[in-house]
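Presented below is the structure to which this report refers.
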Amino acid sequence: MHQLLGLGILVLAEAALHPGQLHDHHELHHHQKKIVWASGLSVHPRCSKTDHYLDQYEIALISWHETENKAFDPYLICHVPEEGREALDDQIEERLQHLERMGAKLIFHRLSFIDRLAEKLQTEAEEDSDPECIAGTFLRLEIPRILSGLPLQRHNRSYALYTDQDILWWRKVSMNEFMSSIPSSKFSLAYTGQVRREEGPLNTGVLLVNLPIYKKDLPALLNFMFGDFQISTAWDQGVLNKFYDENVGRLRWSVKWNYRMFWDGKDHVAIVHYWAIKPSDALDCWIKKRSLKKCPDIDLGMIPDSLREKFQQQALKMAEKDDHKLSFMKEVMLKYKKYEQLQPKLLK
């Protein structure tokens, strides 16, 4: 069964302001509080890829630690079965406890619209996708609801940064830098393009969320999703893009927060999101041979197989054109391998 789940990372911050109020970036350093970095995934026993996504999260955690991003406080949101945490596999429970020892705080949550999602997928005759597994990727849609129930007195709550699990913290990011990157115009979500740096917002793997404003959009967004929209064509990214094609509230954000390893690395990179091509032996093979035909398939993550050739060819051609020596891609691969070697070999 083609089982999917999503893992994401969320960073939360707020200036000393009322919701939606414009802010003075020059005064932010007086009001900084701890930033929440949260991730979300499904840990339902039916999901065969849970270990894979936990591997990716561990590497993200290691990159966070190695870049000394102490301003960020890691949280992991886990979509659980109806029976709760008690129903988890022993191996997954052990891995989660290990993540706690690494510094992550666990939040056990059941997607509030899981029943509606299951009914919708059944209507669409999407039999290969288990709703309990793809629930993880839909957690990003209800981030305001999840965070509102947390005792985050030391963490600010106006803005959130969501990222997928397949990221590396590239360098240390200060609260001032993060807050200074927030658009002064009113918005619900801000994000970047997908393949080219100059594209408008398309890729929701990294989202800047204005929590109080986006929370107001959420009822209409869910009504839209469970209306005529076909969820299985593009999952949560498709829902957000189509909804904000038809409604105001979306802005373009700086690419440094959602950077591709097939770009040239000249944009003061903060977070690398290895979308379309994943660090792997297959990518190592392509770097050496510059040929997809002579190498195994490069992991695409949740991109549909039908789009594999289109997106990967675009990405690899761009890499060769903009950075013929592939210097940045090689640098990402070296860092990834370093963090992978640091990754504890628990349950391998």
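Identifiers for the structure tokens are assigned positionally: chains receive A, B, ... in sequence, residues are indexed from 1 per chain, and ligands are indexed from 1 in the order shown.
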Item checked: Shell around Leu106 of chain A at 8 Å using only C-alpha atoms, local window under 5 positions removed, as a list in words ->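 The filter keeps Tyr75, Leu76, Ile77, Cys78, Leu96 and Glu100 of chain A.
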Restricted to C-alpha atoms, what would the selected residues look like written as a PDB file, in the first residue's frame?
ATOM      1  CA  TYR A  75       8.477  19.948  19.720  1.00  0.00           C
ATOM      2  CA  LEU A  76       7.242  16.836  17.908  1.00  0.00           C
ATOM      3  CA  ILE A  77       3.498  16.562  17.192  1.00  0.00           C
ATOM      4  CA  CYS A  78       2.429  12.927  16.768  1.00  0.00           C
ATOM      5  CA  LEU A  96      10.066   8.633  20.555  1.00  0.00           C
ATOM      6  CA  GLU A 100      12.896  13.118  24.060  1.00  0.00           C
TER       7      GLU A 100
END
Next item on the list: Among the residues of segment 117-225 of chain A, find those DSSP assigns to alpha helix (DSSP H) from the backbone and print them as an MDAnalysis selection string.
Entry: chainID A and resid 117:123 131:138 143:148 175:180 211:225
With N, CA and C atoms retained, export the selected residues as a compact mmCIF listing (two decimals), in the first residue's frame.
# COMPACT_ATOMS: atom_id res chain seq x y z
N LEU A 117 -11.59 13.32 6.48
CA LEU A 117 -10.55 13.00 5.50
C LEU A 117 -10.72 11.58 4.98
N ALA A 118 -11.00 10.63 5.86
CA ALA A 118 -11.19 9.24 5.45
C ALA A 118 -12.38 9.11 4.51
N GLU A 119 -13.48 9.79 4.84
CA GLU A 119 -14.66 9.74 3.99
C GLU A 119 -14.40 10.35 2.62
N LYS A 120 -13.65 11.45 2.61
CA LYS A 120 -13.34 12.12 1.35
C LYS A 120 -12.49 11.23 0.45
N LEU A 121 -11.47 10.58 1.02
CA LEU A 121 -10.61 9.71 0.23
C LEU A 121 -11.38 8.50 -0.29
N GLN A 122 -12.32 8.03 0.50
CA GLN A 122 -13.15 6.91 0.04
C GLN A 122 -14.02 7.34 -1.13
N THR A 123 -14.55 8.55 -1.06
CA THR A 123 -15.35 9.10 -2.16
C THR A 123 -14.53 9.23 -3.43
N PRO A 131 -5.66 7.09 5.31
CA PRO A 131 -5.85 8.40 5.95
C PRO A 131 -5.13 8.54 7.28
N GLU A 132 -4.95 7.43 8.00
CA GLU A 132 -4.24 7.51 9.28
C GLU A 132 -2.77 7.85 9.08
N CYS A 133 -2.25 7.57 7.89
CA CYS A 133 -0.84 7.86 7.60
C CYS A 133 -0.65 9.24 7.00
N ILE A 134 -1.50 9.61 6.07
CA ILE A 134 -1.35 10.94 5.48
C ILE A 134 -1.83 12.03 6.44
N ALA A 135 -2.45 11.64 7.55
CA ALA A 135 -2.86 12.62 8.55
C ALA A 135 -1.68 13.47 9.01
N GLY A 136 -0.48 12.88 9.02
CA GLY A 136 0.69 13.62 9.47
C GLY A 136 0.95 14.86 8.65
N THR A 137 0.81 14.75 7.32
CA THR A 137 1.09 15.91 6.48
C THR A 137 0.00 16.97 6.58
N PHE A 138 -1.20 16.57 6.99
CA PHE A 138 -2.29 17.54 7.14
C PHE A 138 -2.27 18.25 8.49
N ILE A 143 -2.35 23.91 12.68
CA ILE A 143 -1.33 24.35 13.63
C ILE A 143 -1.88 25.33 14.67
N PRO A 144 -2.69 26.32 14.30
CA PRO A 144 -3.20 27.23 15.34
C PRO A 144 -4.00 26.52 16.42
N ARG A 145 -4.78 25.52 16.04
CA ARG A 145 -5.57 24.78 17.02
C ARG A 145 -4.67 23.98 17.96
N ILE A 146 -3.64 23.37 17.41
CA ILE A 146 -2.74 22.55 18.23
C ILE A 146 -1.98 23.43 19.21
N LEU A 147 -1.46 24.54 18.74
CA LEU A 147 -0.65 25.39 19.59
C LEU A 147 -1.47 26.09 20.66
N SER A 148 -2.73 26.35 20.36
CA SER A 148 -3.55 27.08 21.33
C SER A 148 -3.77 26.29 22.62
N MET A 175 16.62 35.12 16.57
CA MET A 175 15.24 35.58 16.61
C MET A 175 15.09 36.89 15.83
N ASN A 176 16.07 37.77 15.95
CA ASN A 176 16.00 39.05 15.23
C ASN A 176 15.91 38.82 13.73
N GLU A 177 16.73 37.88 13.21
CA GLU A 177 16.71 37.61 11.78
C GLU A 177 15.35 37.06 11.36
N PHE A 178 14.84 36.11 12.15
CA PHE A 178 13.55 35.52 11.81
C PHE A 178 12.44 36.57 11.82
N MET A 179 12.39 37.37 12.88
CA MET A 179 11.33 38.38 12.99
C MET A 179 11.47 39.46 11.93
N SER A 180 12.70 39.80 11.58
CA SER A 180 12.91 40.84 10.57
C SER A 180 12.50 40.37 9.17
N LEU A 211 -0.37 33.25 12.82
CA LEU A 211 -1.30 32.37 13.53
C LEU A 211 -2.68 32.96 13.76
N PRO A 212 -2.82 34.18 14.28
CA PRO A 212 -4.17 34.68 14.54
C PRO A 212 -4.98 34.92 13.27
N ILE A 213 -4.30 35.34 12.18
CA ILE A 213 -5.03 35.60 10.93
C ILE A 213 -5.35 34.29 10.22
N TYR A 214 -4.36 33.39 10.14
CA TYR A 214 -4.62 32.10 9.49
C TYR A 214 -5.69 31.31 10.24
N LYS A 215 -5.72 31.42 11.56
CA LYS A 215 -6.74 30.72 12.33
C LYS A 215 -8.14 31.12 11.89
N LYS A 216 -8.31 32.38 11.53
CA LYS A 216 -9.62 32.84 11.05
C LYS A 216 -9.97 32.24 9.69
N ASP A 217 -8.93 31.92 8.89
CA ASP A 217 -9.17 31.32 7.57
C ASP A 217 -9.50 29.84 7.65
N LEU A 218 -9.15 29.19 8.75
CA LEU A 218 -9.18 27.73 8.82
C LEU A 218 -10.56 27.14 8.57
N PRO A 219 -11.66 27.67 9.15
CA PRO A 219 -12.97 27.07 8.85
C PRO A 219 -13.31 27.09 7.36
N ALA A 220 -13.03 28.22 6.70
CA ALA A 220 -13.31 28.31 5.26
C ALA A 220 -12.41 27.39 4.47
N LEU A 221 -11.16 27.26 4.90
CA LEU A 221 -10.22 26.37 4.23
C LEU A 221 -10.69 24.92 4.29
N LEU A 222 -11.14 24.49 5.46
CA LEU A 222 -11.61 23.11 5.60
C LEU A 222 -12.90 22.87 4.81
N ASN A 223 -13.78 23.85 4.81
CA ASN A 223 -14.99 23.73 3.99
C ASN A 223 -14.64 23.59 2.52
N PHE A 224 -13.64 24.36 2.08
CA PHE A 224 -13.18 24.27 0.69
C PHE A 224 -12.60 22.87 0.42
N MET A 225 -11.77 22.38 1.33
CA MET A 225 -11.10 21.09 1.14
C MET A 225 -12.11 19.96 1.05
Note to self: Excluding segment 265-278 of chain A and its own-chain neighbours fewer than 4 positions away, which residues fall within 8 Å of it when counting only C-alpha atoms? Please give them as a list in words.
What the structure shows: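 Those residues are Asp164, Asp166, Ile167, Leu168, Trp169, Trp170, Arg171, Lys172, Val173, Gly205, Val255, Lys256, Trp257, Asn258, Tyr259, Arg260, Met261, Leu283, Ile298, Asp299, Leu300, Gly301, Ile303, Arg308, Phe311, Gln312, Ala315 and Phe328 of chain A.
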Restricting the output to C-alpha atoms, write the selected residues as a PDB file, in the first residue's frame.
ATOM      1  CA  ASP A 164       8.794  19.483   6.224  1.00  0.00           C
ATOM      2  CA  ASP A 166      13.530  16.749   4.996  1.00  0.00           C
ATOM      3  CA  ILE A 167      15.477  19.857   5.953  1.00  0.00           C
ATOM      4  CA  LEU A 168      18.849  20.885   7.314  1.00  0.00           C
ATOM      5  CA  TRP A 169      19.417  23.894   9.499  1.00  0.00           C
ATOM      6  CA  TRP A 170      22.250  25.431   7.484  1.00  0.00           C
ATOM      7  CA  ARG A 171      23.520  27.961  10.025  1.00  0.00           C
ATOM      8  CA  LYS A 172      22.561  29.672  13.264  1.00  0.00           C
ATOM      9  CA  VAL A 173      19.414  31.784  12.943  1.00  0.00           C
ATOM     10  CA  GLY A 205       7.197  22.601   2.602  1.00  0.00           C
ATOM     11  CA  VAL A 255      13.990  31.704  -0.582  1.00  0.00           C
ATOM     12  CA  LYS A 256      16.660  31.520   2.123  1.00  0.00           C
ATOM     13  CA  TRP A 257      14.069  29.800   4.356  1.00  0.00           C
ATOM     14  CA  ASN A 258      13.227  27.087   1.785  1.00  0.00           C
ATOM     15  CA  TYR A 259      16.413  26.622  -0.188  1.00  0.00           C
ATOM     16  CA  ARG A 260      17.077  23.934  -2.771  1.00  0.00           C
ATOM     17  CA  MET A 261      20.246  21.888  -2.931  1.00  0.00           C
ATOM     18  CA  LEU A 283      22.220  11.265  -5.927  1.00  0.00           C
ATOM     19  CA  ILE A 298      16.575   9.348  -6.615  1.00  0.00           C
ATOM     20  CA  ASP A 299      14.085   9.587  -3.758  1.00  0.00           C
ATOM     21  CA  LEU A 300      11.281  12.089  -4.454  1.00  0.00           C
ATOM     22  CA  GLY A 301       9.575  12.015  -1.079  1.00  0.00           C
ATOM     23  CA  ILE A 303       6.026  13.931  -5.047  1.00  0.00           C
ATOM     24  CA  ARG A 308       9.293  12.292 -11.113  1.00  0.00           C
ATOM     25  CA  PHE A 311      10.700  17.738 -11.512  1.00  0.00           C
ATOM     26  CA  GLN A 312      13.974  15.852 -11.266  1.00  0.00           C
ATOM     27  CA  ALA A 315      16.150  20.346 -10.841  1.00  0.00           C
ATOM     28  CA  PHE A 328      26.627  23.710  -3.209  1.00  0.00           C
TER      29      PHE A 328
END
Item checked: Which of A:Lys330, A:Arg252, A:His155, A:Lys317 sits closest to Lys288 of chain A [using only C-alpha atoms] ->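 Ranked by minimum distance to Lys288 of chain A, first place goes to A:Lys330.
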Next item on the list: Enumerate the residues of segment 88-318 of chain A with a DSSP assignment of strand (DSSP E), computed from the backbone, and present them as an MDAnalysis selection string.
Entry: chainID A and resid 105:109 159:164 167:169 189:192 203:210 250:252 271:273
Next item on the list: Return the single residue from A:Leu208, A:Val43, A:Ala60, A:Met329 that is closest to Glu82 of chain A, with distances computed using only C-alpha atoms.
Entry: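 Counting only C-alpha atoms, the residue closest to Glu82 of chain A is A:Val43.
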Notebook entry, point to check: At what distance in Å, to one decimal, does atom CA of Ala38 of chain A lie from atom CA of Pro74 of chain A?
Noted result: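 Going from atom CA of Pro74 of chain A over to atom CA of Ala38 of chain A, I get 5.5 Å.
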Note to self: Neighbouring residues of Asp281 of chain A were defined as those with any atom within 12 Å, considering only C-alpha atoms; residues of the same chain fewer than 6 positions away were excluded. Please report them as a PyMOL selection string.
What the structure shows: chain A and resi 287-288+295-299+333+336-337
Next item on the list: Point out the residue among A:Gly149, A:Asp284, A:Gln194, A:Phe72 with the least atom-to-atom distance to Ile107 of chain A, counting only C-alpha atoms.
Entry: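 Residue with the minimum atom-to-atom distance to Ile107 of chain A: A:Gly149.
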Check: Of the candidates A:Ser280, A:Thr233, A:Ser291, A:Val206, which one gets nearest to Leu334 of chain A if we count only C-alpha atoms?
Finding: A:Ser280
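In this model, the gap between atom CA of Asp73 of chain A and atom CA of Ile35 of chain A comes to 5.9 Å.
Taking atom CA of Arg157 of chain A and atom CA of Lys34 of chain A as endpoints, the distance between them is 10.2 Å.
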